[in-house]
Every structure is written in structure tokens, then in C-alpha cells.
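Following: one structure in C-alpha cells, then a few remarks.
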Amino acid sequence: MPTLSLHDPLFATYAIAACLMILKAVAMSWLTVVRMIQEKGGYRSPEDLRRTPINPDPRPEQLAPNDRVERIRRIQMNDLENLPFFLVAGLLFVLAAPPLWLARAMLYGYVVSRLLHFAAYLAARDHETRAAFWTLGSLMLVFMTAWALVAALAG
Amino acid sequence: MPTLSLHDPLFATYAIAACLMILKAVAMSWLTVVRMIQEKGGYRSPEDLRRTPINPDPRPEQLAPNDRVERIRRIQMNDLENLPFFLVAGLLFVLAAPPLWLARAMLYGYVVSRLLHFAAYLAARDHETRAAFWTLGSLMLVFMTAWALVAALAG
Amino acid sequence: MPTLSLHDPLFATYAIAACLMILKAVAMSWLTVVRMIQEKGGYRSPEDLRRTPINPDPRPEQLAPNDRVERIRRIQMNDLENLPFFLVAGLLFVLAAPPLWLARAMLYGYVVSRLLHFAAYLAARDHETRAAFWTLGSLMLVFMTAWALVAALAG
């Protein structure tokens with residue numbers, strides 16, 4: 001029977017991939033903060049224009065979309081469309097007891113595909129490059145989900 | 001004690017519902033891609049206006065919101081506001097060992113409510129229709145979460 | 001070995017915190033609905049301007065962004081950027097068998113940080129106040145994820 005023990009290589013593979021993706025997702029929030037501080041703009045709430053120690057000289061333009069901030073927001077949005085589903089699909093996949101090599105290929109492969117997607121998006125590479133990495137990850141996500149679904153239906 | 005075995009009918013019910021919802025969520029990304037290709041527009045990043053094999057004749061209007069693409073994005077946003085929470089609430093619900101008939105009614109009922117919400121939104125039916133299906137699913141989500149919370153508090 | 005039994009104090013701590021955060025996230029959807037009804041606006045889909053029993057006197061301005069509705073949408077977006085990752089990180093954290101007092105401090109501390117973030121955002125308090133609560137929760141999320149990652153790598 002599958003276990004949720006971190007001493008089980010299969011479950012540990014999932015846990016490592018999941019933790020890396022969670023840290024990646026959280027890093028997008030921090031990167032948005034860093035860029036908002038650098039740009040002194042890209043804010044979203046009216047109250048962010050109040051004079052405070054962090055924003056001593058507020059200007060209305062600070063609420064306008066800022067290219068460098070919006071890029072990180074788009075990357076983060078792409079994460080939100082993908083990572084929460086990976087986090088559950090990956091768990092169900094390892095509970096369906098795939099071979100360890102396959103679990104490693106899929107789970108670590110997914111992590112790599114998302115890091116490459118991030119690098120391509122951050123550097124504003126051509127849409128084709130970014131789309132290729134996204135497609136690779138999305139197909140792996142579908143594969144893991146379909147594997148778990150078939151196993152669950154077989155009972 | 002509850003198990004996470006796919007041979008356990010209760011957990012298999014959760015796994016099947018979860019996999020279906022994950023595939024549904026991923027399908028929204030692919031549907032967005034399909035519509036962007038059909039419309040040759042609805043893009044979001046400045047670099048998507050570069051001349052590439054997929055976009056041989058770029059025009060600035062390709063970055064403007066496109067109605068057919070935006071509709072899928074709104075549907076996907078609604079998924080992001082609901083499905084990640086269902087995926088965890090459903091797991092905690094089955095771990096609280098509800099009767100199998102109730103788990104099937106809630107988990108499969110939720111899946112059906114979301115598919116009907118999707119159909120109503122895609123076809124631009126009246127707000128009331130879409131809202132009715134959303135409300136049904138949301139109430140089931142609250143019920144499952146409250147059930148798990150009561151069980152966890154009872155210890 | 002860690003269990004997923006709600007009778008296990010460690011897992012029950014996670015389950016309680018997770019259920020509270022799920023209910024909080026779902027409440028944002030309902031609060032958006034309440035404010036859209038109060039404002040008779042802040043809608044997003046063209047079909048929402050059809051004459052129906054709920055909207056007997058439609059006007060084009062109903063599709064314009066409404067400040068009171070947009071505030072809740074921003075709060076909800078912040079939830080989507082954080083809570084799905086907390087829900088999985090918290091599970092992996094308790095599976096790594098931390099001391100019970102630490103699990104309670106982190107999991108319940110996270111819940112409190114998010115409720116305070118919500119209160120500060122809803123009341124349009126200064127950015128610094130809102131950011132302080134967000135930062136606190138984000139650091140706890142990183143701590144739990146790093147703890148689980150180290151445990152998984154140690155095997």
C-alpha cells in the first residue's frame with residue numbers, strides 16, 4: 001500500500017517536487033514586491049498612494065500598470081493556472097504506485113519545465129519558446145492525472 | 001482508519017472527482033490556446049507581437065482583449081477561485097469518513113455542478129443560470145469543509 | 001509514522017487550519033456576490049446586462065469596475081496567490097512530523113496572519129499594515145515548506 005512517509009522514495013520524490021514548486025510560486029510574490037520597490041510603482045490599491053515611510057512622495061502614476069511589474073504578475077498568473085493542479089495531481093499519481101523512475105521523470109521533469117518557462121518568460125524570449133516549455137509541463141500534468149484516474153477507476 | 005488507497009471506495013471516489021476537476025482546469029488553458037490561435041489575437045505579452053512562424057504577420061491589435069478569448073479566461077478564473085479549494089476540502093472530507101453514498105453525492109455532484117457552470121458560461125446563458133450552478137457547487141464545498149472541520153475539532 | 005487520522009493531534013491541527021482557510025477563501029466569493037448585489041454593478045460578462053428578475057433595469061455602467069467590488073477581488077486574488085500553496089505546504093509540513101507546539105504555532109499563526117491581512121485590506125489601512133501581515137504569513141509558509149523539503153531530502 002502506498003504510504004505518505006517521507007522515507008518512502010516514491011512519496012519523497014513527490015514531496016521534493018511539490019516543495020520546490022511551492023517555493024517557486026511564493027518567490028513570484030516576492031519578486032513582484034522587489035520590482036514594485038525598484039520601480040516605485042505598479043501598485044493596485046488607492047490606499048497605496050498615501051504618504052508613508054515606504055512611499056514618502058506618492059504620485060497618481062504609481063497606480064498605473066508598470067511593464068516590469070506586470071511581467072511578473074503574468075508569470076505568477078500562469079503559475080496559479082498550473083501549480084495548484086500539479087500539487088494534487090502529483091500526489092494522486094504517486095498514490096497510484098507508478099515505477100520510481102517514471103515518478104522521478106514526471107515530477108522532476110515538471111519542475112524543470114516550469115523553471116525553463118519562468119526563465120523564458122522573464123527574459124521575454126519569443127512566444128514559441130515559452131509555449132514549448134508550458135506545453136511540455138502541461139502534457140506531463142495531463143499524463144499524471146490520467147494515470148491516477150485510470151488507477152482509481154480500476155479500483 | 002481512513003486510508004489513501006485507491007482500492008478504498010471512499011478514497012477512490014475522491015480521486016476520481018479530483019482527477020476530473022484537474023483535467024477540466026487544464027482544459028481551460030488549452031481552450032484559451034485554441035481560441036487565441038483561431039482569433040489570432042487575445043495575446044498578453046509585448047513579445048507575442050514578434051514575427052515568428054506561428055505569428056507571421058503581427059499587428060498591435062493582437063494585444064487587445066478579444067471577446068472569445070476573454071470568456072475562457074473568465075471561466076478559468078472562476079475555476080481558480082474554486083477548484084484548488086475543492087481539491088483539498090474533498091480530501092479532508094473523505095478522511096473524515098462520511099458514508100459512501102454521501103461522499104459520492106457531494107464529490108460527483110460537485111463535478112456535475114462545475115461542468116454545468118462551464119456549459120452555461122461558455123454559451124453565455126443568463127447570469128441567473130450560471131449563478132445557480134456556481135451556488136450549488138459552492139454550497140457543496142462549504143458542506144464538505146464544515147463536515148471535515150467538525151470531525152477535526154471532535155478529534 | 002505520520003498518519004492522516006483526524007484523531008492524530010498533528011494532523012487534526014493541519015485539518016482545522018486548512019478548513020478555516022478554505023472557508024475564508026470561499027467567503028471572498030460570497031462577499032463579492034454580496035457587494036455586486038449592493039452596488040448593482042461590478043459585473044464582468046456582457047450577458048450580465050440582460051434584463052432578468054435579478055437585474056430588471058440593466059445599464060452599461062454595470063460592467064465598469066466598481067471600487068467596492070474590486071477591493072474584494074484584489075483580496076481574493078491575494079488569497080489565490082497564497083492559500084493553495086499553504087494547503088499543500090501545511091500537509092507536507094505535518095507529514096515531516098514537527099513538534100506539536102511548532103505545528104500549532106505555524107498553522108494557526110498562518111491563519112491569524114491571513115485574517116489580519118483581510119481585515120487590514122478590507123478597511124483600506126495603510127499599505128505598510130497590510131504588507132506586514134502578508135509578510136508574516138509568507139515567511140511562515142516558506143518555513144513550513146523548507147522544513148518539509150529538508151525532511152524529504154534527508155529521506
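So you can find residues: chains in the C-alpha cells are A, B, ... in the order shown, residues in each start at 1, and ligands are numbered from 1 in order.
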Cut-off 8 Å: closest chain C/chain A atom pairs per residue, using only C-alpha atoms, as a tab-separated table:
```
residue	atom	partner	partner_atom	distance
C:Met1	CA	A:Ser5	CA	6.7
C:Pro2	CA	A:Ser5	CA	6.9
C:Thr3	CA	A:Leu4	CA	7.8
C:Arg71	CA	A:Ser45	CA	7.8
C:Leu80	CA	A:Leu80	CA	7.3
C:Glu81	CA	A:Leu80	CA	6.8
C:Asn82	CA	A:Val26	CA	7.4
C:Pro84	CA	A:Pro84	CA	6.1
C:Phe85	CA	A:Ile22	CA	5.8
C:Val88	CA	A:Leu87	CA	7.2
C:Ala89	CA	A:Cys19	CA	7.0
C:Leu92	CA	A:Ala15	CA	6.9
C:Leu95	CA	A:Ser5	CA	7.1
C:Ala96	CA	A:Leu6	CA	6.9
C:Ala124	CA	A:Glu47	CA	6.1
C:Arg125	CA	A:Glu47	CA	7.0
C:Asp126	CA	A:Glu47	CA	6.1
C:His127	CA	A:Asp48	CA	5.4
C:Glu128	CA	A:Ile54	CA	7.7
C:Ser138	CA	A:Val26	CA	7.5
C:Val142	CA	A:Leu23	CA	6.7
C:Thr145	CA	A:Cys19	CA	5.7
C:Ala146	CA	A:Cys19	CA	7.3
C:Ala148	CA	A:Cys19	CA	7.2
C:Leu149	CA	A:Ile16	CA	5.7
C:Ala151	CA	A:Leu6	CA	7.0
C:Ala152	CA	A:Ala12	CA	5.2
C:Leu153	CA	A:Ile16	CA	7.0
C:Gly155	CA	A:His7	CA	4.6
```
With N, CA and C atoms retained, could you export that selection as a PDB file, in the first residue's frame?
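Listing of again26.pdb after writing:
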```
ATOM      1  N   MET C   1       5.159   6.573  12.406  1.00  0.00           N
ATOM      2  CA  MET C   1       4.864   7.066  11.052  1.00  0.00           C
ATOM      3  C   MET C   1       3.698   8.043  11.127  1.00  0.00           C
ATOM      4  N   PRO C   2       3.798   9.136  10.412  1.00  0.00           N
ATOM      5  CA  PRO C   2       2.688  10.085  10.439  1.00  0.00           C
ATOM      6  C   PRO C   2       1.433   9.456   9.834  1.00  0.00           C
ATOM      7  N   THR C   3       0.295   9.832  10.353  1.00  0.00           N
ATOM      8  CA  THR C   3      -0.953   9.315   9.813  1.00  0.00           C
ATOM      9  C   THR C   3      -1.793  10.480   9.314  1.00  0.00           C
ATOM     10  N   ARG C  71     -12.171  45.880  -4.616  1.00  0.00           N
ATOM     11  CA  ARG C  71     -11.387  45.646  -3.391  1.00  0.00           C
ATOM     12  C   ARG C  71     -11.472  44.178  -2.973  1.00  0.00           C
ATOM     13  N   LEU C  80      -5.654  33.656  -3.678  1.00  0.00           N
ATOM     14  CA  LEU C  80      -5.311  32.646  -4.691  1.00  0.00           C
ATOM     15  C   LEU C  80      -3.804  32.509  -4.850  1.00  0.00           C
ATOM     16  N   GLU C  81      -3.083  33.614  -4.597  1.00  0.00           N
ATOM     17  CA  GLU C  81      -1.621  33.582  -4.712  1.00  0.00           C
ATOM     18  C   GLU C  81      -0.968  32.903  -3.511  1.00  0.00           C
ATOM     19  N   ASN C  82      -1.741  32.695  -2.444  1.00  0.00           N
ATOM     20  CA  ASN C  82      -1.139  32.192  -1.211  1.00  0.00           C
ATOM     21  C   ASN C  82      -1.765  30.901  -0.693  1.00  0.00           C
ATOM     22  N   PRO C  84      -3.647  28.228  -1.835  1.00  0.00           N
ATOM     23  CA  PRO C  84      -3.459  26.869  -2.379  1.00  0.00           C
ATOM     24  C   PRO C  84      -2.091  26.288  -2.021  1.00  0.00           C
ATOM     25  N   PHE C  85      -1.094  27.146  -1.923  1.00  0.00           N
ATOM     26  CA  PHE C  85       0.253  26.675  -1.601  1.00  0.00           C
ATOM     27  C   PHE C  85       0.367  26.358  -0.117  1.00  0.00           C
ATOM     28  N   VAL C  88      -1.081  22.801   0.682  1.00  0.00           N
ATOM     29  CA  VAL C  88      -0.216  21.642   0.416  1.00  0.00           C
ATOM     30  C   VAL C  88       1.032  21.699   1.300  1.00  0.00           C
ATOM     31  N   ALA C  89       1.604  22.891   1.480  1.00  0.00           N
ATOM     32  CA  ALA C  89       2.796  23.024   2.322  1.00  0.00           C
ATOM     33  C   ALA C  89       2.492  22.602   3.755  1.00  0.00           C
ATOM     34  N   LEU C  92       2.435  18.751   3.932  1.00  0.00           N
ATOM     35  CA  LEU C  92       3.780  18.163   3.877  1.00  0.00           C
ATOM     36  C   LEU C  92       4.542  18.461   5.163  1.00  0.00           C
ATOM     37  N   LEU C  95       3.433  16.062   7.785  1.00  0.00           N
ATOM     38  CA  LEU C  95       3.934  14.721   7.454  1.00  0.00           C
ATOM     39  C   LEU C  95       5.415  14.588   7.807  1.00  0.00           C
ATOM     40  N   ALA C  96       6.102  15.728   7.940  1.00  0.00           N
ATOM     41  CA  ALA C  96       7.505  15.701   8.352  1.00  0.00           C
ATOM     42  C   ALA C  96       7.648  15.653   9.869  1.00  0.00           C
ATOM     43  N   ALA C 124      -8.978  49.164   4.148  1.00  0.00           N
ATOM     44  CA  ALA C 124      -8.113  50.093   3.412  1.00  0.00           C
ATOM     45  C   ALA C 124      -7.108  50.769   4.334  1.00  0.00           C
ATOM     46  N   ARG C 125      -6.564  49.988   5.269  1.00  0.00           N
ATOM     47  CA  ARG C 125      -5.489  50.533   6.099  1.00  0.00           C
ATOM     48  C   ARG C 125      -4.247  50.768   5.242  1.00  0.00           C
ATOM     49  N   ASP C 126      -3.257  51.498   5.804  1.00  0.00           N
ATOM     50  CA  ASP C 126      -2.043  51.791   5.046  1.00  0.00           C
ATOM     51  C   ASP C 126      -1.411  50.512   4.489  1.00  0.00           C
ATOM     52  N   HIS C 127      -0.747  50.686   3.345  1.00  0.00           N
ATOM     53  CA  HIS C 127      -0.070  49.559   2.715  1.00  0.00           C
ATOM     54  C   HIS C 127       0.862  48.852   3.688  1.00  0.00           C
ATOM     55  N   GLU C 128       1.542  49.612   4.554  1.00  0.00           N
ATOM     56  CA  GLU C 128       2.515  49.011   5.467  1.00  0.00           C
ATOM     57  C   GLU C 128       1.868  47.968   6.384  1.00  0.00           C
ATOM     58  N   SER C 138       3.726  34.857   4.725  1.00  0.00           N
ATOM     59  CA  SER C 138       4.576  34.325   3.666  1.00  0.00           C
ATOM     60  C   SER C 138       5.836  33.684   4.249  1.00  0.00           C
ATOM     61  N   VAL C 142       7.065  29.815   3.866  1.00  0.00           N
ATOM     62  CA  VAL C 142       8.400  29.405   3.415  1.00  0.00           C
ATOM     63  C   VAL C 142       9.041  28.490   4.449  1.00  0.00           C
ATOM     64  N   THR C 145       7.518  24.988   4.241  1.00  0.00           N
ATOM     65  CA  THR C 145       7.928  24.313   3.010  1.00  0.00           C
ATOM     66  C   THR C 145       9.384  23.867   3.104  1.00  0.00           C
ATOM     67  N   ALA C 146      10.232  24.738   3.623  1.00  0.00           N
ATOM     68  CA  ALA C 146      11.657  24.409   3.758  1.00  0.00           C
ATOM     69  C   ALA C 146      11.838  23.240   4.735  1.00  0.00           C
ATOM     70  N   ALA C 148       9.718  20.797   5.333  1.00  0.00           N
ATOM     71  CA  ALA C 148       9.293  19.569   4.654  1.00  0.00           C
ATOM     72  C   ALA C 148      10.321  19.164   3.601  1.00  0.00           C
ATOM     73  N   LEU C 149      10.889  20.136   2.908  1.00  0.00           N
ATOM     74  CA  LEU C 149      11.869  19.836   1.863  1.00  0.00           C
ATOM     75  C   LEU C 149      13.116  19.194   2.462  1.00  0.00           C
ATOM     76  N   ALA C 151      13.296  17.542   5.260  1.00  0.00           N
ATOM     77  CA  ALA C 151      12.942  16.200   5.727  1.00  0.00           C
ATOM     78  C   ALA C 151      12.843  15.223   4.555  1.00  0.00           C
ATOM     79  N   ALA C 152      12.291  15.671   3.426  1.00  0.00           N
ATOM     80  CA  ALA C 152      12.155  14.788   2.264  1.00  0.00           C
ATOM     81  C   ALA C 152      13.525  14.472   1.663  1.00  0.00           C
ATOM     82  N   LEU C 153      14.412  15.457   1.650  1.00  0.00           N
ATOM     83  CA  LEU C 153      15.746  15.221   1.093  1.00  0.00           C
ATOM     84  C   LEU C 153      16.556  14.294   1.996  1.00  0.00           C
ATOM     85  N   GLY C 155      15.275  11.924   3.615  1.00  0.00           N
ATOM     86  CA  GLY C 155      14.717  10.602   3.268  1.00  0.00           C
ATOM     87  C   GLY C 155      14.374   9.728   4.456  1.00  0.00           C
TER      88      GLY C 155
END
```
What are the DSSP helix (DSSP H, G or I) residues of range 3-154 of chain A, as a ChimeraX atom specification? /A:9-39,46-49,60-63,67-95,100-122,127-154
Could you state the separation of CA of Ala132 in chain C and CA of Pro65 in chain C in Å, given to one decimal place? 27.5 Å
If we count only C-alpha atoms, what is near range 105-117 of chain B at a cut-off of 7 Å, once residues fewer than 6 positions away on the same chain are taken out, given as a JSON list (two decimals) with C-alpha atoms, in the first residue's frame?
```json
[["chain", "number", "residue", "atom", "x", "y", "z"],
["B", 14, "TYR", "CA", -12.31, 11.45, -4.12],
["B", 17, "ALA", "CA", -13.62, 13.53, -8.77],
["B", 21, "MET", "CA", -11.64, 18.55, -11.98],
["B", 90, "GLY", "CA", -12.70, 16.85, -0.79],
["B", 130, "ARG", "CA", -24.60, 30.36, -14.37],
["B", 133, "PHE", "CA", -24.77, 26.16, -10.84],
["B", 134, "TRP", "CA", -21.99, 28.09, -9.11],
["B", 136, "LEU", "CA", -24.85, 24.70, -5.90],
["B", 137, "GLY", "CA", -21.17, 23.81, -6.13],
["B", 140, "MET", "CA", -21.40, 21.59, -1.51]]
```
